[in-house]
file coords-v2.cif (mmCIF, C-alpha atoms)
data_start
loop_
_atom_site.label_atom_id
_atom_site.label_comp_id
_atom_site.auth_asym_id
_atom_site.auth_seq_id
_atom_site.Cartn_x
_atom_site.Cartn_y
_atom_site.Cartn_z
CA MET A 12 -37.10 1.13 -7.13
CA THR A 13 -39.32 3.68 -5.38
CA PRO A 14 -43.04 3.75 -4.54
CA PRO A 15 -45.17 5.57 -7.16
CA SER A 16 -46.59 7.83 -4.46
CA TRP A 17 -43.17 9.06 -3.31
CA THR A 18 -42.63 12.76 -3.95
CA ILE A 19 -39.04 13.94 -4.20
CA LYS A 20 -38.37 16.93 -2.02
CA LEU A 21 -36.33 19.87 -3.21
CA ALA A 22 -33.76 19.03 -0.55
CA LEU A 23 -33.30 15.55 -2.01
CA ILE A 24 -32.90 16.96 -5.52
CA GLY A 25 -30.10 19.15 -4.22
CA LEU A 26 -28.59 16.17 -2.46
CA LEU A 27 -28.56 14.09 -5.65
CA ALA A 28 -26.94 16.98 -7.50
CA VAL A 29 -24.14 17.02 -4.94
CA VAL A 30 -23.73 13.24 -5.27
CA ALA A 31 -23.58 13.25 -9.05
CA VAL A 32 -20.74 15.76 -9.20
CA SER A 33 -18.82 14.48 -6.18
CA PRO A 34 -15.04 14.69 -6.79
CA ALA A 35 -14.71 11.18 -5.40
CA SER A 36 -16.78 9.78 -8.26
CA SER A 37 -15.86 9.21 -11.88
CA GLY A 38 -17.44 11.12 -14.76
CA ALA A 39 -19.78 8.17 -15.40
CA ALA A 40 -21.24 8.28 -11.90
CA THR A 41 -24.94 9.02 -11.46
CA GLY A 42 -27.12 9.67 -8.45
CA ARG A 43 -29.37 6.86 -7.27
CA ALA A 44 -32.18 6.50 -4.71
CA VAL A 45 -33.45 3.16 -3.41
CA SER A 46 -36.51 2.47 -1.26
CA LEU A 47 -35.92 0.07 1.65
CA ARG A 48 -39.60 -0.98 1.55
CA ALA A 49 -39.31 -1.82 -2.14
CA LEU A 50 -36.03 -3.70 -1.50
CA SER A 51 -37.69 -5.75 1.21
CA ALA A 52 -40.68 -6.56 -0.97
CA ALA A 53 -38.44 -7.57 -3.89
CA VAL A 54 -36.37 -9.90 -1.73
CA ARG A 55 -39.43 -11.55 -0.19
CA SER A 56 -40.96 -12.17 -3.61
CA GLY A 57 -37.68 -13.27 -5.17
CA SER A 58 -38.47 -11.11 -8.18
CA SER A 59 -35.39 -8.87 -8.27
CA LYS A 60 -31.74 -9.88 -8.29
CA GLN A 61 -30.93 -6.18 -8.51
CA ALA A 62 -32.16 -5.74 -4.96
CA LEU A 63 -29.25 -7.84 -3.69
CA SER A 64 -26.80 -5.29 -5.08
CA LEU A 65 -28.82 -2.25 -3.95
CA CYS A 66 -29.86 -1.66 -7.57
CA GLY A 67 -26.32 -0.84 -8.66
CA MET A 68 -25.54 1.67 -5.92
CA THR A 69 -21.81 1.74 -5.18
CA LYS A 70 -21.58 4.45 -2.52
CA VAL A 71 -24.13 5.51 0.10
CA VAL A 72 -24.13 9.24 0.84
CA GLY A 73 -27.33 9.68 2.82
CA TYR A 74 -30.98 8.87 3.24
CA LEU A 75 -34.45 10.40 3.19
CA VAL A 76 -37.14 9.61 5.75
CA ASP A 77 -40.43 9.28 3.86
CA GLY A 78 -42.94 9.56 6.70
CA LYS A 79 -46.00 9.49 4.44
CA ASN A 80 -45.13 6.05 3.08
CA LYS A 81 -43.35 4.83 6.23
CA ASP A 82 -40.19 4.28 4.24
CA ILE A 83 -36.51 5.18 4.19
CA ILE A 84 -34.86 6.02 0.88
CA LEU A 85 -31.14 5.36 0.59
CA VAL A 86 -29.37 7.94 -1.56
CA GLY A 87 -26.05 7.31 -3.22
CA VAL A 88 -23.94 6.91 -6.32
CA ALA A 89 -23.92 4.34 -9.11
CA ASP A 90 -20.31 4.47 -10.31
CA PRO A 91 -18.85 1.68 -12.49
CA GLY A 92 -15.41 2.60 -11.16
CA LEU A 93 -16.33 1.53 -7.62
CA PRO A 94 -16.98 -2.01 -6.32
CA PRO A 95 -20.64 -2.96 -5.82
CA LEU A 96 -22.49 -2.70 -2.54
CA TYR A 97 -24.51 -5.61 -1.18
CA LEU A 98 -27.83 -5.74 0.60
CA ASP A 99 -26.47 -8.53 2.82
CA ASP A 100 -23.78 -6.21 4.20
CA PHE A 101 -26.32 -3.44 4.78
CA VAL A 102 -28.61 -5.81 6.71
CA VAL A 103 -25.68 -7.00 8.85
CA ALA A 104 -24.83 -3.37 9.64
CA LEU A 105 -28.45 -2.68 10.62
CA ARG A 106 -28.58 -5.74 12.85
CA ASN A 107 -25.32 -4.75 14.53
CA VAL A 108 -26.56 -1.24 15.30
CA TRP A 109 -29.89 -2.57 16.58
CA LEU A 110 -28.02 -4.93 18.98
CA THR A 111 -29.15 -8.14 17.26
CA TYR A 112 -25.65 -9.57 17.68
CA ALA A 113 -25.06 -8.12 21.15
CA GLN A 114 -23.97 -10.61 23.80
CA VAL A 115 -26.46 -11.08 26.61
CA ARG A 116 -25.11 -11.78 30.08
CA GLY A 117 -27.76 -11.77 32.75
CA ARG A 118 -29.98 -8.76 32.12
CA VAL A 119 -27.33 -6.77 30.26
CA ARG A 120 -26.71 -6.57 26.51
CA TYR A 121 -23.11 -5.77 25.52
CA TYR A 122 -22.63 -4.00 22.20
CA SER A 123 -19.52 -4.54 20.09
CA ALA A 124 -18.66 -2.46 17.06
CA PRO A 125 -17.88 -4.55 13.96
CA GLY A 126 -14.24 -5.56 14.00
CA CYS A 127 -11.71 -8.32 13.67
CA SER A 128 -8.34 -9.23 15.11
CA ILE A 129 -5.55 -11.41 13.75
CA ASP A 130 -3.51 -12.55 16.76
CA PRO A 131 -0.16 -14.39 16.79
CA ASN A 132 0.53 -17.38 19.00
CA PRO A 133 2.32 -16.36 22.25
CA LYS A 134 5.06 -18.89 21.43
CA THR A 135 5.63 -17.05 18.16
CA LEU A 136 5.90 -13.78 20.08
CA ARG A 137 8.51 -15.32 22.39
CA GLU A 138 10.53 -16.40 19.38
CA LEU A 139 10.22 -12.92 17.89
CA GLN A 140 11.68 -11.54 21.09
CA MET A 141 14.66 -13.89 20.78
CA VAL A 142 15.20 -12.76 17.17
CA GLY A 143 14.87 -9.17 18.35
CA ASP A 144 17.61 -9.71 20.93
CA ARG A 145 19.94 -10.87 18.15
CA ILE A 146 18.96 -7.89 16.00
CA SER A 147 20.01 -5.46 18.71
CA SER A 148 23.52 -6.94 19.03
CA PRO A 149 26.32 -5.14 17.09
CA HIS A 150 26.90 -6.34 13.51
CA ASP A 151 27.14 -4.95 10.00
CA PRO A 152 24.17 -3.71 7.90
CA ASP A 153 24.03 -6.89 5.77
CA GLU A 154 23.80 -9.06 8.88
CA MET A 155 21.09 -6.71 10.15
CA LYS A 156 19.13 -7.31 6.95
CA ARG A 157 19.39 -11.11 7.41
CA ARG A 158 18.20 -10.87 11.00
CA LEU A 159 15.26 -8.69 9.96
CA ASP A 160 14.38 -11.23 7.25
CA GLU A 161 14.33 -13.88 9.99
CA TRP A 162 12.06 -11.61 12.05
CA ARG A 163 9.69 -11.30 9.11
CA SER A 164 9.72 -15.07 8.50
CA VAL A 165 8.78 -15.87 12.09
CA GLY A 166 6.13 -13.17 12.05
CA SER A 167 4.46 -14.66 8.96
CA ARG A 168 3.39 -17.85 10.75
CA PRO A 169 -0.35 -18.68 10.99
CA GLN A 170 -2.33 -16.60 13.45
CA LYS A 171 -5.73 -16.79 15.13
CA VAL A 172 -8.57 -14.77 13.58
CA ARG A 173 -11.37 -13.32 15.71
CA VAL A 174 -14.47 -11.48 14.47
CA MET A 175 -16.44 -9.14 16.73
CA GLY A 176 -19.82 -7.46 16.44
CA VAL A 177 -21.07 -9.45 13.43
CA PRO A 178 -21.36 -13.16 12.56
CA TYR A 179 -18.06 -14.66 11.38
CA ASP A 180 -19.71 -16.44 8.43
CA THR A 181 -20.86 -13.27 6.65
CA ARG A 182 -19.46 -11.38 3.72
CA PHE A 183 -19.19 -8.37 6.02
CA ALA A 184 -16.74 -10.28 8.23
CA LYS A 185 -14.74 -11.52 5.24
CA VAL A 186 -14.20 -7.97 3.94
CA MET A 187 -12.89 -6.88 7.34
CA VAL A 188 -10.54 -9.85 7.68
CA ASP A 189 -9.25 -9.60 4.10
CA ALA A 190 -8.55 -5.87 4.55
CA ASP A 191 -6.81 -6.48 7.87
CA TYR A 192 -4.74 -9.37 6.51
CA TYR A 193 -3.55 -7.43 3.46
CA MET A 194 -2.73 -4.44 5.66
CA LYS A 195 -0.43 -6.67 7.70
CA ARG A 196 1.31 -7.76 4.50
CA LEU A 197 1.84 -4.10 3.67
CA VAL A 198 3.24 -3.62 7.18
CA ASN A 199 5.83 -6.38 6.86
CA GLY A 200 6.68 -5.61 3.23
CA SER A 201 5.69 -9.00 1.80
CA VAL A 202 3.67 -7.05 -0.80
CA SER A 203 4.20 -3.62 -2.31
CA LEU A 204 1.79 -1.34 -4.15
CA GLY A 205 4.45 0.90 -5.68
CA ILE A 206 2.81 4.05 -4.29
CA ASP A 207 5.18 6.98 -4.13
CA GLY A 208 5.96 7.95 -0.54
CA PHE A 209 4.41 4.81 0.99
CA GLU A 210 6.84 2.32 2.56
CA SER A 211 6.35 -0.81 4.63
CA LEU A 212 7.20 -0.75 8.32
CA THR A 213 9.97 -3.24 7.59
CA ASP A 214 11.53 -0.93 5.00
CA LEU A 215 11.22 2.02 7.36
CA THR A 216 12.94 -0.01 10.08
CA ILE A 217 15.77 -1.20 7.82
CA ARG A 218 16.40 2.33 6.61
CA ALA A 219 16.49 3.63 10.18
CA PHE A 220 18.88 0.86 11.26
CA ARG A 221 21.20 1.44 8.33
CA GLY A 222 21.29 5.14 9.07
CA GLU A 223 22.23 4.49 12.68
CA LEU A 224 24.92 1.94 11.82
CA ILE A 225 26.44 4.09 9.09
CA GLY A 226 26.49 6.94 11.59
CA GLY A 227 28.44 4.77 14.02
CA LYS A 228 25.54 4.36 16.45
CA LYS A 229 24.26 1.18 18.05
CA ALA A 230 21.02 0.00 16.47
CA ASN A 231 18.17 1.18 18.68
CA VAL A 232 15.36 -1.39 18.48
CA SER A 233 12.84 -2.49 21.08
CA THR A 234 13.10 -6.26 21.31
CA GLN A 235 10.37 -6.69 23.90
CA SER A 236 7.51 -4.96 22.10
CA LEU A 237 5.32 -5.36 19.04
CA ASN A 238 2.91 -3.15 17.14
CA ARG A 239 -0.84 -3.54 16.84
CA PHE A 240 -2.64 -1.87 13.94
CA TRP A 241 -6.38 -1.42 13.49
CA PHE A 242 -8.81 0.47 11.27
CA CYS A 243 -11.27 2.89 12.84
CA PRO A 244 -13.48 5.79 11.75
CA GLY A 245 -11.67 9.01 10.95
CA GLU A 246 -13.52 12.28 10.53
CA THR A 247 -17.24 11.60 10.15
CA THR A 248 -19.54 14.56 9.48
CA TYR A 249 -23.14 14.85 8.32
CA GLU A 250 -25.93 17.37 7.98
CA GLU A 251 -29.68 16.98 8.28
CA GLN A 252 -32.57 19.07 7.00
CA ASP A 253 -36.24 18.33 6.43
CA GLY A 254 -35.83 14.59 6.85
CA VAL A 255 -32.80 14.35 4.55
CA THR A 256 -29.48 13.30 6.06
CA LEU A 257 -26.28 13.77 4.03
CA LEU A 258 -23.06 12.03 5.03
CA ARG A 259 -20.48 14.69 4.20
CA SER A 260 -17.39 12.72 5.21
CA CYS A 261 -16.72 9.20 6.46
CA SER A 262 -13.00 8.56 6.33
CA VAL A 263 -11.11 5.46 7.44
CA GLN A 264 -7.90 5.78 9.40
CA LEU A 265 -5.25 3.33 10.57
CA LEU A 266 -4.16 3.52 14.21
CA THR A 267 -1.39 1.73 16.08
CA GLU A 268 -0.22 1.01 19.59
CA GLU A 269 3.00 -0.52 20.84
CA GLU A 270 2.48 -3.68 22.87
CA PHE A 271 4.60 -6.12 24.87
CA LEU A 272 4.39 -9.74 25.97
CA THR A 273 4.10 -10.13 29.72
CA GLU A 274 5.79 -12.85 31.72
CA HIS A 275 2.43 -14.65 31.78
CA ASP A 276 2.29 -14.77 27.96
CA SER A 277 -0.46 -12.18 27.66
CA VAL A 278 -0.26 -9.10 25.46
CA ALA A 279 -0.53 -5.66 27.07
CA GLY A 280 -0.66 -2.23 25.49
CA MET A 281 1.86 0.47 26.29
CA GLY A 282 -0.58 3.33 25.69
CA ARG A 283 1.52 4.87 22.92
CA PRO A 284 2.70 4.05 19.40
CA SER A 285 6.29 3.40 18.41
CA PRO A 286 7.67 6.23 16.22
CA LEU A 287 8.13 4.13 13.08
CA ALA A 288 4.75 2.37 13.44
CA ARG A 289 3.09 5.75 13.92
CA HIS A 290 4.78 6.96 10.73
CA PHE A 291 3.48 3.93 8.81
CA ALA A 292 -0.07 4.31 10.16
CA GLY A 293 -0.11 8.01 9.33
CA SER A 294 1.17 7.34 5.82
CA PHE A 295 -1.47 4.63 5.29
CA THR A 296 -4.22 7.00 6.39
CA ALA A 297 -2.94 9.83 4.18
CA LYS A 298 -2.59 7.50 1.18
CA TYR A 299 -5.84 5.60 1.81
CA ALA A 300 -7.46 6.71 -1.46
CA ASP A 301 -4.40 5.64 -3.48
CA ILE A 302 -4.20 2.33 -1.63
CA ALA A 303 -7.93 1.71 -2.19
CA ALA A 304 -7.53 2.45 -5.90
CA ALA A 305 -4.83 -0.24 -6.09
CA ARG A 306 -6.60 -2.68 -3.74
CA PRO A 307 -10.43 -2.33 -4.01
CA ILE A 308 -10.87 -4.28 -0.75
CA TYR A 309 -10.29 -0.93 1.00
CA ARG A 310 -13.08 0.70 -0.98
CA GLU A 311 -15.29 -2.15 0.16
CA LEU A 312 -14.14 -1.56 3.73
CA GLU A 313 -15.05 2.12 3.44
CA GLY A 314 -18.48 1.05 2.19
CA LEU A 315 -18.98 -0.97 5.39
CA PHE A 316 -17.99 2.05 7.48
CA ARG A 317 -20.62 4.12 5.66
CA PHE A 318 -23.29 1.47 6.25
CA VAL A 319 -22.62 1.43 10.00
#
call {"tool": "encode", "arguments": {"input": "coords-v2.cif", "output": "structure tokens"}}
result
Amino acid sequence: MTPPSWTIKLALIGLLAVVAVSPASSGAATGRAVSLRALSAAVRSGSSKQALSLCGMTKVVGYLVDGKNKDIILVGVADPGLPPLYLDDFVVALRNVWLTYAQVRGRVRYYSAPGCSIDPNPKTLRELQMVGDRISSPHDPDEMKRRLDEWRSVGSRPQKVRVMGVPYDTRFAKVMVDADYYMKRLVNGSVSLGIDGFESLTDLTIRAFRGELIGGKKANVSTQSLNRFWFCPGETTYEEQDGVTLLRSCSVQLLTEEEFLTEHDSVAGMGRPSPLARHFAGSFTAKYADIAAARPIYRELEGLFRFV
């Protein structure tokens, strides 16, 4: 979907060649270029359903500025092995970057990066602390397992969902929340992907406790803290030449911080991760491609990162 007058530069041809043979794509993947002006015209006229899925593009790897035609050409991959991309998500990303959703207070506009948070009720956190106190008391490994199951049960109660930086009633927001929610299920072990070398935080904790008890040590668990996890950009690199910008890398990483509940029922960060939570977050980041292959929601999440 490109204007007839558009002339492909040699740089773009090289870019498409790189895209088509990218190791991250399957053998059926092909390079694809899509004009934003043509997309806009197709949507306004209602003449192209393909425009809503970016004409089959499944991964954006760069863009070309076409000054002659006052256009921008998205460049990417059409790979049947990857989930589709959506024009709606791309537009939401553009509006976020251009401060359309920024909060205005007085004469100041406050930007927020796209994000979401799933927050437990403070009463639930208080109960978790009580369960944690019982976990730390001396008992045998089987009793420890029962107490940890109780911890997981309390922790699975409904929580409040917040969306930042984009409207809550968009597909963009739903992808973020779904990815965050499933990540929390991987944290507590309520689901398992069967990926070699990837364990839930609950399993890591149980194994650590068992090792301490078998070794004759008192179980060492922090009963007054909790762990926050969030996705953020990892290494992001690009190169630009003659109006062509190529996104070389745009990884997603999982970070964590240990938190605690204050006496006023507010959550405060401790400025550092707990050792086991840090291990889980590092493992998730290292295994992101495997996790995304098993749960395509994380490929969709990576697509949002690339849009932004």
call {"tool": "atom_distance", "arguments": {"input": "coords-v2.cif", "atom1": "CA of Ser203 (chain A)", "atom2": "CA of Arg283 (chain A)"}}
result
26.8 Å
call {"tool": "closest_residue", "arguments": {"input": "coords-v2.cif", "among": "A:Phe242, A:Gly314, A:Ala219, A:Ala279", "to": "Met68 (chain A)", "atoms": "all atoms listed in the file"}}
result
A:Gly314
call {"tool": "atom_distance", "arguments": {"input": "coords-v2.cif", "atom1": "CA of Val72 (chain A)", "atom2": "CA of Leu258 (chain A)"}}
result
5.1 Å
call {"tool": "residues_around", "arguments": {"input": "coords-v2.cif", "residues": "Val103 (chain A)", "least_positions_apart": "6", "cutoff": "9 Å", "atoms": "all atoms listed in the file", "output": "ChimeraX atom specification"}}
result
/A:177-178,181,183
call {"tool": "write_last_selection", "arguments": {"input": "coords-v2.cif", "atoms": "C-alpha atoms", "output": "tab-separated table (two decimals), in the coordinates of the input"}}
result
chain	number	residue	atom	x	y	z
A	177	VAL	CA	-21.07	-9.45	13.43
A	178	PRO	CA	-21.36	-13.16	12.56
A	181	THR	CA	-20.86	-13.27	6.65
A	183	PHE	CA	-19.19	-8.37	6.02
call {"tool": "atom_distance", "arguments": {"input": "coords-v2.cif", "atom1": "CA of Tyr193 (chain A)", "atom2": "CA of Ala288 (chain A)"}}
result
16.3 Å
call {"tool": "closest_residue", "arguments": {"input": "coords-v2.cif", "among": "A:Ala104, A:Leu159, A:Val188, A:Val142", "to": "Ser128 (chain A)", "atoms": "all atoms listed in the file"}}
result
A:Val188
call {"tool": "residues_near_point", "arguments": {"input": "coords-v2.cif", "point": "(-14.0, -9.3, 17.4)", "cutoff": "8 Å", "atoms": "all atoms listed in the file", "output": "list of chain:residue names"}}
result
A:Ser123, A:Pro125, A:Gly126, A:Cys127, A:Ser128, A:Arg173, A:Val174, A:Met175, A:Gly176
call {"tool": "resolve_selection", "arguments": {"input": "coords-v2.cif", "expression": "the PyMOL selection byres ((chain A and resi 297-311) around 10)", "output": "VMD selection string"}}
result
chain A and resid 35 69 to 70 92 to 97 183 186 to 187 189 to 191 193 to 194 204 to 209 262 to 265 291 to 296 312 to 317
call {"tool": "closest_residue", "arguments": {"input": "coords-v2.cif", "among": "A:Pro131, A:Val71, A:Gly78, A:Ala39", "to": "Ser260 (chain A)", "atoms": "only C-alpha atoms"}}
result
A:Val71
call {"tool": "axis_aligned_box", "arguments": {"input": "coords-v2.cif", "around": "region 64-80 of chain A", "padding_each_side": "3 Å", "output": "AutoDock Vina command-line options"}}
result
--center_x -33.8 --center_y 2.6 --center_z -1.0 --size_x 30.4 --size_y 21.7 --size_z 21.4
call {"tool": "residues_around", "arguments": {"input": "coords-v2.cif", "residues": "Gly87 (chain A)", "least_positions_apart": "6", "cutoff": "10 Å", "atoms": "only C-alpha atoms", "output": "list in words"}}
result
Leu26, Leu27, Val30, Ala31, Ala40, Thr41, Gly42, Arg43, Ala44, Val45, Leu65, Gly67, Met68, Thr69, Lys70, Val71, Val72, Gly73, Tyr74, Leu257 and Leu258 of chain A
call {"tool": "closest_residue", "arguments": {"input": "coords-v2.cif", "among": "A:Leu136, A:Leu212, A:Val86, A:Ala113", "to": "Val198 (chain A)", "atoms": "only C-alpha atoms"}}
result
A:Leu212
call {"tool": "closest_residue", "arguments": {"input": "coords-v2.cif", "among": "A:Ala89, A:Val278, A:Cys261, A:Ala53", "to": "Gly245 (chain A)", "atoms": "only C-alpha atoms"}}
result
A:Cys261
call {"tool": "closest_residue", "arguments": {"input": "coords-v2.cif", "among": "A:Ala49, A:Leu110, A:Val165, A:Val115", "to": "Leu85 (chain A)", "atoms": "only C-alpha atoms"}}
result
A:Ala49
